[in-house]
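The data block below is my_file.txt; it holds compact mmCIF, C-alpha atoms.
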```txt
# COMPACT_ATOMS: atom_id res chain seq x y z
CA MET A 1 40.03 68.65 243.59
CA ASN A 2 36.65 68.04 242.06
CA THR A 3 34.58 65.12 241.06
CA ASN A 4 30.93 64.26 240.94
CA MET A 5 30.16 60.66 241.81
CA SER A 6 26.63 59.50 241.95
CA LEU A 7 26.05 55.86 242.73
CA PHE A 8 26.67 53.63 245.66
CA PHE A 9 24.21 54.72 248.33
CA GLY A 10 21.44 56.29 246.32
CA SER A 11 23.45 59.40 245.55
CA TYR A 12 27.08 59.70 246.50
CA GLN A 13 29.03 62.76 245.50
CA ASN A 14 32.62 63.38 246.41
CA THR A 15 33.97 66.58 245.03
CA SER A 16 37.01 66.49 247.29
CA THR A 17 35.59 69.33 249.32
CA ASN A 18 32.11 68.92 247.95
CA VAL A 19 30.78 65.77 249.54
CA ASN A 20 27.18 64.70 249.52
CA VAL A 21 26.37 61.26 250.80
CA VAL A 22 22.81 60.05 250.78
CA TYR A 23 21.97 56.61 252.04
CA ASN A 24 19.21 54.86 250.17
CA ASP A 25 16.99 53.22 252.75
CA GLY A 26 14.54 51.52 250.44
CA ASN A 27 12.04 54.00 249.00
CA GLU A 28 13.29 57.20 250.64
CA ASP A 29 16.65 58.92 250.53
CA THR A 30 17.84 60.02 253.94
CA TYR A 31 20.18 62.97 254.29
CA VAL A 32 23.40 61.95 255.95
CA PHE A 33 26.09 64.62 255.76
CA ASN A 34 27.44 67.18 253.38
CA VAL A 35 28.96 70.55 252.88
CA THR A 36 27.13 71.45 249.73
CA GLN A 37 24.31 68.99 249.55
CA GLN A 38 22.60 69.07 246.19
CA VAL A 39 19.04 67.94 245.89
CA TYR A 40 17.37 68.55 242.57
CA GLY A 41 13.70 69.25 242.58
CA SER A 42 13.13 68.04 239.03
CA SER A 43 14.38 65.26 236.78
CA PRO A 44 18.06 65.39 235.76
CA HIS A 45 18.94 67.73 232.92
CA MET A 46 19.58 66.18 229.50
CA ILE A 47 23.20 67.34 229.60
CA THR A 48 23.68 65.74 233.00
CA ASP A 49 22.26 62.44 231.85
CA TYR A 50 24.38 62.43 228.67
CA ILE A 51 27.61 63.22 230.54
CA GLN A 52 27.04 60.59 233.20
CA LYS A 53 26.06 57.85 230.76
CA TYR A 54 28.41 58.33 227.81
CA VAL A 55 31.12 60.93 228.35
CA ILE A 56 32.53 59.84 231.70
CA PRO A 57 33.50 56.27 230.65
CA ILE A 58 35.20 57.56 227.49
CA ILE A 59 37.19 60.10 229.49
CA CYS A 60 38.15 57.49 232.09
CA VAL A 61 39.40 54.95 229.53
CA LEU A 62 41.32 57.53 227.49
CA GLY A 63 42.81 59.02 230.64
CA LEU A 64 43.91 55.66 232.03
CA ILE A 65 45.64 54.77 228.76
CA GLY A 66 47.24 58.19 228.27
CA ASN A 67 48.51 58.57 231.83
CA THR A 68 49.94 55.04 231.81
CA ILE A 69 51.85 55.72 228.58
CA ALA A 70 53.12 59.06 229.90
CA SER A 71 54.32 57.52 233.17
CA LEU A 72 56.13 54.74 231.30
CA VAL A 73 57.87 57.32 229.12
CA PHE A 74 59.08 59.28 232.15
CA LEU A 75 60.49 56.05 233.61
CA GLN A 76 62.80 55.58 230.61
CA LYS A 77 66.55 56.21 231.04
CA PRO A 78 66.76 59.57 229.21
CA LEU A 79 64.08 61.12 231.46
CA ARG A 80 64.00 59.32 234.79
CA LYS A 81 67.12 61.09 236.08
CA ARG A 82 65.25 64.41 236.21
CA SER A 83 63.37 65.44 239.32
CA CYS A 84 60.40 66.77 237.35
CA SER A 85 60.01 63.33 235.74
CA ILE A 86 59.40 61.83 239.18
CA PHE A 87 56.69 64.39 239.90
CA LEU A 88 55.04 63.82 236.51
CA THR A 89 55.23 60.02 236.84
CA VAL A 90 53.56 60.04 240.26
CA ARG A 91 50.99 62.53 238.98
CA GLY A 92 50.08 60.11 236.19
CA PHE A 93 49.55 57.28 238.68
CA SER A 94 47.57 59.57 240.97
CA ASP A 95 45.29 60.74 238.16
CA ASN A 96 44.80 57.11 237.17
CA GLY A 97 43.76 56.26 240.72
CA PHE A 98 41.13 58.98 240.61
CA LEU A 99 39.87 57.97 237.15
CA PHE A 100 39.78 54.31 238.22
CA THR A 101 37.48 55.05 241.15
CA LEU A 102 35.29 57.17 238.88
CA LEU A 103 35.09 54.33 236.34
CA ILE A 104 34.24 51.77 239.03
CA ILE A 105 31.38 53.97 240.22
CA TRP A 106 30.11 54.40 236.66
CA ILE A 107 30.22 50.63 236.07
CA SER A 108 28.37 49.91 239.31
CA ARG A 109 25.73 52.49 238.56
CA THR A 110 25.24 51.65 234.88
CA PHE A 111 25.04 47.88 235.30
CA GLU A 112 23.30 48.05 238.71
CA LEU A 113 26.00 45.98 240.42
CA ARG A 114 25.30 47.71 243.77
CA LEU A 115 28.96 47.63 244.75
CA GLY A 116 28.14 50.12 247.47
CA GLU A 117 26.56 47.34 249.48
CA ILE A 118 29.97 45.69 249.87
CA ARG A 119 31.41 46.39 253.30
CA ASN A 120 34.03 49.19 253.37
CA SER A 121 33.63 49.87 249.64
CA CYS A 122 32.25 53.38 250.10
CA GLN A 123 34.98 54.22 252.60
CA ILE A 124 37.68 53.08 250.19
CA ILE A 125 36.19 55.12 247.33
CA ILE A 126 36.02 58.28 249.44
CA PHE A 127 39.55 57.73 250.74
CA LEU A 128 41.07 57.14 247.28
CA THR A 129 39.39 60.12 245.64
CA TYR A 130 40.52 62.47 248.39
CA VAL A 131 44.10 61.14 248.50
CA CYS A 132 44.57 61.00 244.71
CA GLY A 133 43.01 64.44 244.32
CA CYS A 134 45.25 66.01 246.95
CA ILE A 135 48.42 64.41 245.59
CA SER A 136 47.69 65.51 242.01
CA VAL A 137 47.08 69.12 243.03
CA TRP A 138 50.21 69.44 245.15
CA LEU A 139 52.39 67.76 242.54
CA VAL A 140 51.44 70.59 240.20
CA VAL A 141 52.46 73.01 242.95
CA PHE A 142 55.82 71.21 243.24
CA LEU A 143 56.30 71.36 239.46
CA THR A 144 55.52 75.08 239.45
CA ALA A 145 58.02 75.64 242.26
CA GLU A 146 60.69 73.66 240.39
CA ASN A 147 60.01 75.70 237.28
CA TYR A 148 60.49 78.86 239.35
CA ILE A 149 63.85 77.58 240.59
CA ARG A 150 65.01 76.69 237.08
CA ILE A 151 64.08 80.12 235.74
CA CYS A 152 64.66 82.51 238.64
CA ARG A 153 67.26 80.65 240.73
CA PRO A 154 69.37 78.69 238.21
CA PHE A 155 72.43 78.60 240.51
CA ILE A 156 70.71 76.26 242.99
CA VAL A 157 69.14 73.92 240.42
CA ASN A 158 71.81 71.23 240.81
CA ARG A 159 71.41 71.31 244.58
CA VAL A 160 67.61 71.49 244.88
CA CYS A 161 66.16 69.95 241.71
CA THR A 162 67.46 66.43 242.29
CA THR A 163 65.76 63.05 242.19
CA ASN A 164 66.45 62.47 245.89
CA VAL A 165 64.71 65.71 246.85
CA ALA A 166 61.80 64.83 244.54
CA ARG A 167 61.41 61.35 246.05
CA PHE A 168 61.52 62.80 249.56
CA ALA A 169 58.87 65.42 248.68
CA VAL A 170 56.60 62.79 247.12
CA GLY A 171 57.00 60.51 250.14
CA ILE A 172 56.12 63.27 252.59
CA LEU A 173 53.13 64.28 250.46
CA PHE A 174 51.85 60.70 250.36
CA VAL A 175 52.18 60.16 254.11
CA VAL A 176 50.50 63.47 254.97
CA SER A 177 47.64 62.84 252.51
CA VAL A 178 46.99 59.34 253.85
CA CYS A 179 46.98 60.59 257.45
CA ILE A 180 44.65 63.51 256.77
CA TYR A 181 42.15 61.63 254.62
CA SER A 182 41.96 58.45 256.68
CA PHE A 183 38.82 59.77 258.41
CA PRO A 184 36.38 57.58 256.40
CA PHE A 185 37.84 54.48 258.08
CA TRP A 186 37.33 55.65 261.65
CA ALA A 187 34.61 58.31 261.43
CA MET A 188 32.13 56.49 259.18
CA ASN A 189 30.11 53.33 259.51
CA PRO A 190 31.62 50.68 257.17
CA ASP A 191 28.22 49.22 256.31
CA THR A 192 26.18 52.36 255.67
CA CYS A 193 28.96 54.87 254.92
CA ILE A 194 27.26 57.23 257.39
CA PRO A 195 29.40 59.25 259.82
CA TYR A 196 29.04 58.22 263.42
CA ALA A 197 27.03 60.76 265.44
CA GLN A 198 30.00 61.73 267.60
CA TYR A 199 32.16 62.40 264.50
CA TYR A 200 29.64 64.36 262.44
CA LYS A 201 31.22 67.75 263.10
CA THR A 202 34.69 66.24 262.72
CA VAL A 203 33.86 65.04 259.23
CA GLN A 204 32.52 68.47 258.34
CA ILE A 205 35.79 70.01 259.54
CA PHE A 206 37.80 67.62 257.39
CA ILE A 207 35.71 68.50 254.34
CA TYR A 208 36.16 72.23 254.88
CA ALA A 209 39.88 71.67 255.52
CA ASP A 210 40.11 69.84 252.20
CA THR A 211 38.84 72.98 250.48
CA LEU A 212 41.81 74.85 251.91
CA LEU A 213 44.30 72.08 251.13
CA THR A 214 43.25 71.36 247.55
CA LEU A 215 41.81 74.67 246.39
CA VAL A 216 42.66 77.84 248.31
CA VAL A 217 46.27 77.22 249.36
CA PRO A 218 47.44 75.57 246.10
CA LEU A 219 45.76 78.27 244.01
CA ILE A 220 47.47 81.02 246.01
CA CYS A 221 50.85 79.27 245.77
CA ILE A 222 50.58 78.65 242.03
CA THR A 223 49.39 82.20 241.36
CA LEU A 224 52.25 83.79 243.32
CA VAL A 225 54.92 81.55 241.80
CA MET A 226 53.57 81.95 238.27
CA THR A 227 53.54 85.73 238.70
CA ALA A 228 57.17 85.63 239.79
CA ILE A 229 58.06 83.42 236.80
CA VAL A 230 56.35 85.73 234.30
CA CYS A 231 58.01 88.82 235.78
CA SER A 232 61.40 87.12 235.66
CA LEU A 233 60.90 86.05 232.05
CA LEU A 234 59.90 89.58 231.02
CA LYS A 235 62.95 91.08 232.73
CA SER A 236 65.21 88.49 231.12
CA TYR A 237 63.71 89.10 227.69
CA ASN A 238 64.14 92.88 227.97
CA ARG A 239 67.71 92.52 229.21
CA ARG A 240 68.65 90.18 226.36
CA SER A 241 66.98 92.45 223.82
CA ARG A 242 69.16 95.35 224.94
CA LEU A 243 72.40 93.38 225.05
CA ARG A 244 72.00 91.22 221.94
CA ALA A 245 73.53 92.53 218.74
CA PRO A 246 71.20 92.79 215.71
CA THR A 247 73.15 90.16 213.76
CA ALA A 248 73.72 87.77 216.65
CA LYS A 249 72.25 84.31 216.42
CA ARG A 250 69.89 83.07 219.08
CA VAL A 251 71.45 80.37 221.19
CA LYS A 252 69.11 77.55 222.10
CA ASN A 253 69.01 76.85 225.81
CA PRO A 254 68.22 73.21 226.67
CA MET A 255 66.87 74.35 230.05
CA ALA A 256 64.21 76.36 228.23
CA LYS A 257 62.70 73.14 226.86
CA VAL A 258 62.16 71.83 230.38
CA THR A 259 60.73 75.08 231.69
CA LYS A 260 58.44 75.40 228.68
CA MET A 261 56.84 72.01 229.34
CA LEU A 262 56.48 72.65 233.08
CA PHE A 263 54.97 76.05 232.34
CA ALA A 264 52.48 74.42 229.96
CA VAL A 265 51.55 71.83 232.60
CA THR A 266 50.80 74.55 235.15
CA VAL A 267 48.81 76.76 232.75
CA THR A 268 46.76 73.79 231.49
CA PHE A 269 46.03 72.72 235.05
CA ILE A 270 44.83 76.21 236.02
CA CYS A 271 42.65 76.68 232.93
CA LEU A 272 40.93 73.30 233.19
CA ASN A 273 40.50 73.34 236.97
CA LEU A 274 39.37 76.92 237.43
CA PRO A 275 35.74 76.45 236.22
CA SER A 276 35.02 73.65 238.70
CA HIS A 277 36.73 75.54 241.52
CA ILE A 278 34.70 78.68 240.85
CA ASN A 279 31.46 76.71 240.68
CA ARG A 280 32.34 74.86 243.87
CA LEU A 281 32.97 78.09 245.75
CA ARG A 282 29.73 79.50 244.40
CA ILE A 283 27.80 76.50 245.71
CA MET A 284 29.44 76.65 249.13
CA ILE A 285 28.88 80.39 249.52
CA SER A 286 25.28 80.17 248.35
CA SER A 287 24.59 77.31 250.77
CA ILE A 288 25.90 79.44 253.65
CA PHE A 289 23.73 82.47 252.89
CA ALA A 290 20.65 80.63 251.60
CA ALA A 291 17.58 80.12 253.72
CA GLU A 292 17.58 76.93 255.76
CA GLU A 293 14.76 75.32 253.77
CA GLN A 294 16.49 76.18 250.48
CA GLN A 295 19.94 74.89 251.39
CA GLY A 296 21.13 72.13 249.10
CA HIS A 297 18.24 72.47 246.63
CA TYR A 298 19.26 73.25 243.06
CA SER A 299 17.52 73.22 239.72
CA SER A 300 18.33 70.80 236.92
CA LEU A 301 20.01 73.66 235.03
CA GLU A 302 22.37 74.32 237.94
CA GLU A 303 23.07 70.61 238.04
CA ALA A 304 23.94 70.69 234.33
CA ILE A 305 26.30 73.62 234.91
CA GLN A 306 28.01 71.68 237.66
CA GLN A 307 28.35 68.63 235.42
CA ILE A 308 29.91 70.73 232.64
CA THR A 309 32.48 72.26 234.99
CA LEU A 310 33.27 68.81 236.37
CA LEU A 311 33.63 67.50 232.83
CA VAL A 312 36.23 70.17 232.11
CA TYR A 313 38.05 69.03 235.23
CA TYR A 314 37.88 65.38 234.16
CA ILE A 315 39.38 66.39 230.82
CA SER A 316 42.37 67.84 232.68
CA LEU A 317 43.10 64.30 233.88
CA THR A 318 43.15 62.92 230.34
CA THR A 319 45.14 65.56 228.47
CA ASN A 320 48.47 65.02 230.25
CA LEU A 321 49.91 62.94 227.42
CA ILE A 322 48.90 65.54 224.83
CA VAL A 323 50.47 68.41 226.79
CA TYR A 324 53.71 66.49 227.33
CA TYR A 325 53.89 65.50 223.67
CA ILE A 326 53.29 69.03 222.34
CA PHE A 327 55.57 70.96 224.71
CA GLY A 328 58.18 68.33 225.69
CA SER A 329 60.71 67.74 222.91
CA ARG A 330 62.64 65.16 224.93
CA PHE A 331 59.41 63.42 225.94
CA ARG A 332 58.34 63.37 222.30
CA LYS A 333 61.62 61.81 221.20
CA VAL A 334 61.55 59.10 223.87
CA LEU A 335 57.92 58.29 223.08
CA LYS A 336 58.76 57.92 219.39
CA ASP A 337 61.70 55.69 220.25
CA MET A 338 59.43 53.49 222.36
CA THR A 339 56.62 53.18 219.82
CA PHE A 340 58.05 53.52 216.32
CA LEU A 341 61.66 52.39 216.32
CA PRO A 342 61.02 48.74 217.23
CA SER A 343 58.75 48.31 214.23
CA LEU A 344 61.20 50.14 212.00
CA ASN A 345 64.02 47.95 213.23
CA CYS A 346 61.98 44.83 212.52
CA SER A 347 61.22 46.01 209.00
CA ASN A 348 64.89 46.87 208.46
CA GLU A 349 65.91 43.43 209.66
CA LYS A 350 63.43 41.85 207.27
CA ASN A 351 64.82 43.90 204.38
CA VAL A 352 68.38 42.94 205.30
CA ASN A 353 67.42 39.29 205.49
CA LYS A 354 65.81 39.48 202.07
CA ASP A 355 68.91 41.09 200.59
CA MET A 356 71.15 38.49 202.20
CA TYR A 357 68.92 35.73 200.82
CA LYS A 358 69.11 37.18 197.33
CA MET A 359 72.89 37.53 197.55
CA ASN A 360 73.27 33.94 198.76
CA ARG A 361 71.14 32.72 195.88
CA MET A 362 73.23 34.69 193.38
CA ILE A 363 76.45 33.32 194.89
CA THR A 364 75.05 29.79 194.73
CA LYS A 365 74.09 30.24 191.08
CA LEU A 366 77.54 31.63 190.23
CA ARG A 367 79.22 28.68 191.91
CA LYS A 368 77.02 26.24 190.00
CA PHE A 369 77.82 28.07 186.77
CA GLU A 370 81.57 27.92 187.54
CA ASN A 371 81.37 24.18 188.28
CA LYS A 372 79.55 23.56 185.00
CA THR A 373 82.14 25.50 183.01
CA GLU A 374 84.94 23.59 184.72
CA SER A 375 83.32 20.25 183.94
CA VAL A 376 82.81 21.28 180.32
CA GLU A 377 86.47 22.25 180.01
CA ILE A 378 87.60 18.95 181.52
CA THR A 379 85.39 17.02 179.11
CA ALA A 380 86.77 18.97 176.20
CA VAL A 381 90.27 18.15 177.24
```

Transcribe the structure of this file into C-alpha cells.
Amino acid sequence: MNTNMSLFFGSYQNTSTNVNVVYNDGNEDTYVFNVTQQVYGSSPHMITDYIQKYVIPIICVLGLIGNTIASLVFLQKPLRKRSCSIFLTVRGFSDNGFLFTLLIIWISRTFELRLGEIRNSCQIIIFLTYVCGCISVWLVVFLTAENYIRICRPFIVNRVCTTNVARFAVGILFVVSVCIYSFPFWAMNPDTCIPYAQYYKTVQIFIYADTLLTLVVPLICITLVMTAIVCSLLKSYNRRSRLRAPTAKRVKNPMAKVTKMLFAVTVTFICLNLPSHINRLRIMISSIFAAEEQQGHYSSLEEAIQQITLLVYYISLTTNLIVYYIFGSRFRKVLKDMTFLPSLNCSNEKNVNKDMYKMNRMITKLRKFENKTESVEITAV
C-alpha cells in the first residue's frame, strides 16, 4: 500500500512500508526514523508541486464520492446477499478511510492549520493509513480467491462463497490489521510522533513487515490465483469449442457476469498499483546498497517520478465506481434504479395527475352541459 504524505511534522511520509517521519524543530529538520528516507537536495520538482497542490484534493473528493455511492449500491437488496458485495462494500469504506486521511493532511498543509501539533494526531494518521491500506489490499486478494472458486471450483461455491464466510473473513482481517498496526500508539511519542529509543528497531521491523504483508505476499497470491484462473478459462474455452455444434446458440451464464467484474477489479488493481510497488522496491533496494552518506538523498526528478507513481495508485482508489459500472451489469442496473427511477416515477405521477385533472374538468363541463339542457327542456315544457 502506497501513499506519500507530506505535512504534519515538517515532512511526514507514510507509504505503508515507506515511512519517513521528520520532526520540525524550528529551523532545522531532524531525522527521526525511516526505511526509505527521502531528502531532496534541490527545490521540489514542478510536477511534484502541481500534484500535491491541485491533483490530490480532486482525487480525494472524487474518490470519497464514488466509493460512497458504490458501497451504498452494494448494500441494496439485489446485491447485498452476495459474498463479493460484502468484500467490495468494505473495500469502499477502507479506501475512503485512506483518502480521508490524505485529504486531512492536504488541508492542514495547504491552509497551514498545523494539525500535527495536536496530541496523538500523527499517531492516528499513521495508524489509519496502515490499517486501511492493509485491508484494501487483502480484500482484493479475497475477491481474487472467490473468483477462482467460482470459475475453477463451482461445486463448492454455495458452501464457501456465502455472506457468513465473507463477514467472518472481514472480521478476522480487521482484528489482525488493528493488532499489527497499533505500534504508533505504544512505540511513538504522542507529542512529537518520534519512536521511543527502545522501540526504534521494533518500528523498523514493523515497517519491513508491512512490505511483506501489503506488497510481496498479496502480489504472489494474486499472481498465482490469476494464473490458475486464466489457465482454467483457456481450458474451458477450448473444451467448449470442441463440443459446441456450429449452429448452437451461446447460452449466457449469469455466473460469468460476476466473475467478469471480479476479474476486472483484480486486473485494475494490479495495473494501477504495480508502478508504485516497483518504485518502492527500487527505493528500498537502492537505499540498502547506497553509500551511507548518500542514503535517503534523491533528486527532484526522482521525487517527481515517485509522485507520478503514487498518483497512479491514488487513482486506483477513485476508479472503483467506474470499474463496477462498466463490468457489473447487476451493479449498473441497481445504480440506475437508485438514481433515475425515482425522478422518472415523479414525472410519471405528475403526468398522471395532469391527465386526471383534465378528465375531471371535462366530466365537470359535461355535467354542466347536461344540467343546462335539462333545464332548457323543462322550461320548454

*Contacts of stretch 84-89 of chain A at 12 Å (all atoms listed in the file; same-chain gap of 5+ positions) as a ChimeraX atom specification*: /A:66-79,94-96,135-147,149-150,157,160-171,173,258-259,261-263,265-266,320-321,323-324,328,330-331

_Between atom CA of A:Thr309 and atom CA of A:Asn279, what is the distance in Å, rounded to a tenth?_
7.3 Å

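If you measure from each of A:Leu317, A:Ser232, A:Cys152, A:Cys193 to A:Leu102 using all atoms listed in the file, the closest one turns out to be A:Leu317.
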
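Considering only C-alpha atoms, the residue among A:Ser316, A:Asn120, A:Thr110, A:Ser286 positioned nearest to A:Phe98 is A:Ser316.
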
*For the atom pair atom CA of A:Ser236 and atom CA of A:Ser83, what is the interatomic distance in Å to one decimal place?*
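Separation of atom CA of A:Ser236 and atom CA of A:Ser83: 24.5 Å.
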
_Long-range neighbours of A:Ser276 as a count of residues only, 8 Å cut-off, only C-alpha atoms, 5 positions minimum in chain_ = 6

So which residues touch A:Ile47 within 9 Å, counting only C-alpha atoms, skipping near sequence neighbours fewer than 3 positions away, as a short mmCIF file (atom, residue, chain, number, x, y, z; two decimals) with C-alpha atoms, in the coordinates of the input?
```
data_model
loop_
_atom_site.label_atom_id
_atom_site.label_comp_id
_atom_site.auth_asym_id
_atom_site.auth_seq_id
_atom_site.Cartn_x
_atom_site.Cartn_y
_atom_site.Cartn_z
CA PRO A 44 18.06 65.39 235.76
CA TYR A 50 24.38 62.43 228.67
CA ILE A 51 27.61 63.22 230.54
CA GLN A 52 27.04 60.59 233.20
CA LEU A 301 20.01 73.66 235.03
CA ALA A 304 23.94 70.69 234.33
CA ILE A 305 26.30 73.62 234.91
CA GLN A 307 28.35 68.63 235.42
CA ILE A 308 29.91 70.73 232.64
#
```

*Closest of A:Ser121, A:Leu115, A:Tyr325, A:Val267 to A:Pro190 - atom-to-atom distances counting only C-alpha atoms*: A:Ser121

*Any idea what the distance is between atom CA of A:Ile315 and atom CA of A:Gly63?*
8.1 Å

*Would you list the contacts of A:Tyr200 as a list in words, taking every protein, DNA or RNA residue within 9 Å and counting all atoms listed in the file, but skipping same-chain residues closer than 5 positions in sequence?*
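Counting only the stated atoms, we get Phe33, Ala187, Met188, Pro195 and Ile205 of chain A.
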
Using C-alpha atoms, can you export the residues from the last selection as a CSV table (one decimal), in the frame of the given file?
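Listing of again27.csv after writing:
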```csv
chain,number,residue,atom,x,y,z
A,33,PHE,CA,26.1,64.6,255.8
A,187,ALA,CA,34.6,58.3,261.4
A,188,MET,CA,32.1,56.5,259.2
A,195,PRO,CA,29.4,59.2,259.8
A,205,ILE,CA,35.8,70.0,259.5
```

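In terms of minimum interatomic distance to A:Gly97, A:Val131 ranks closest within A:Ile59, A:Val131, A:Leu243, A:Val175, counting all atoms listed in the file.
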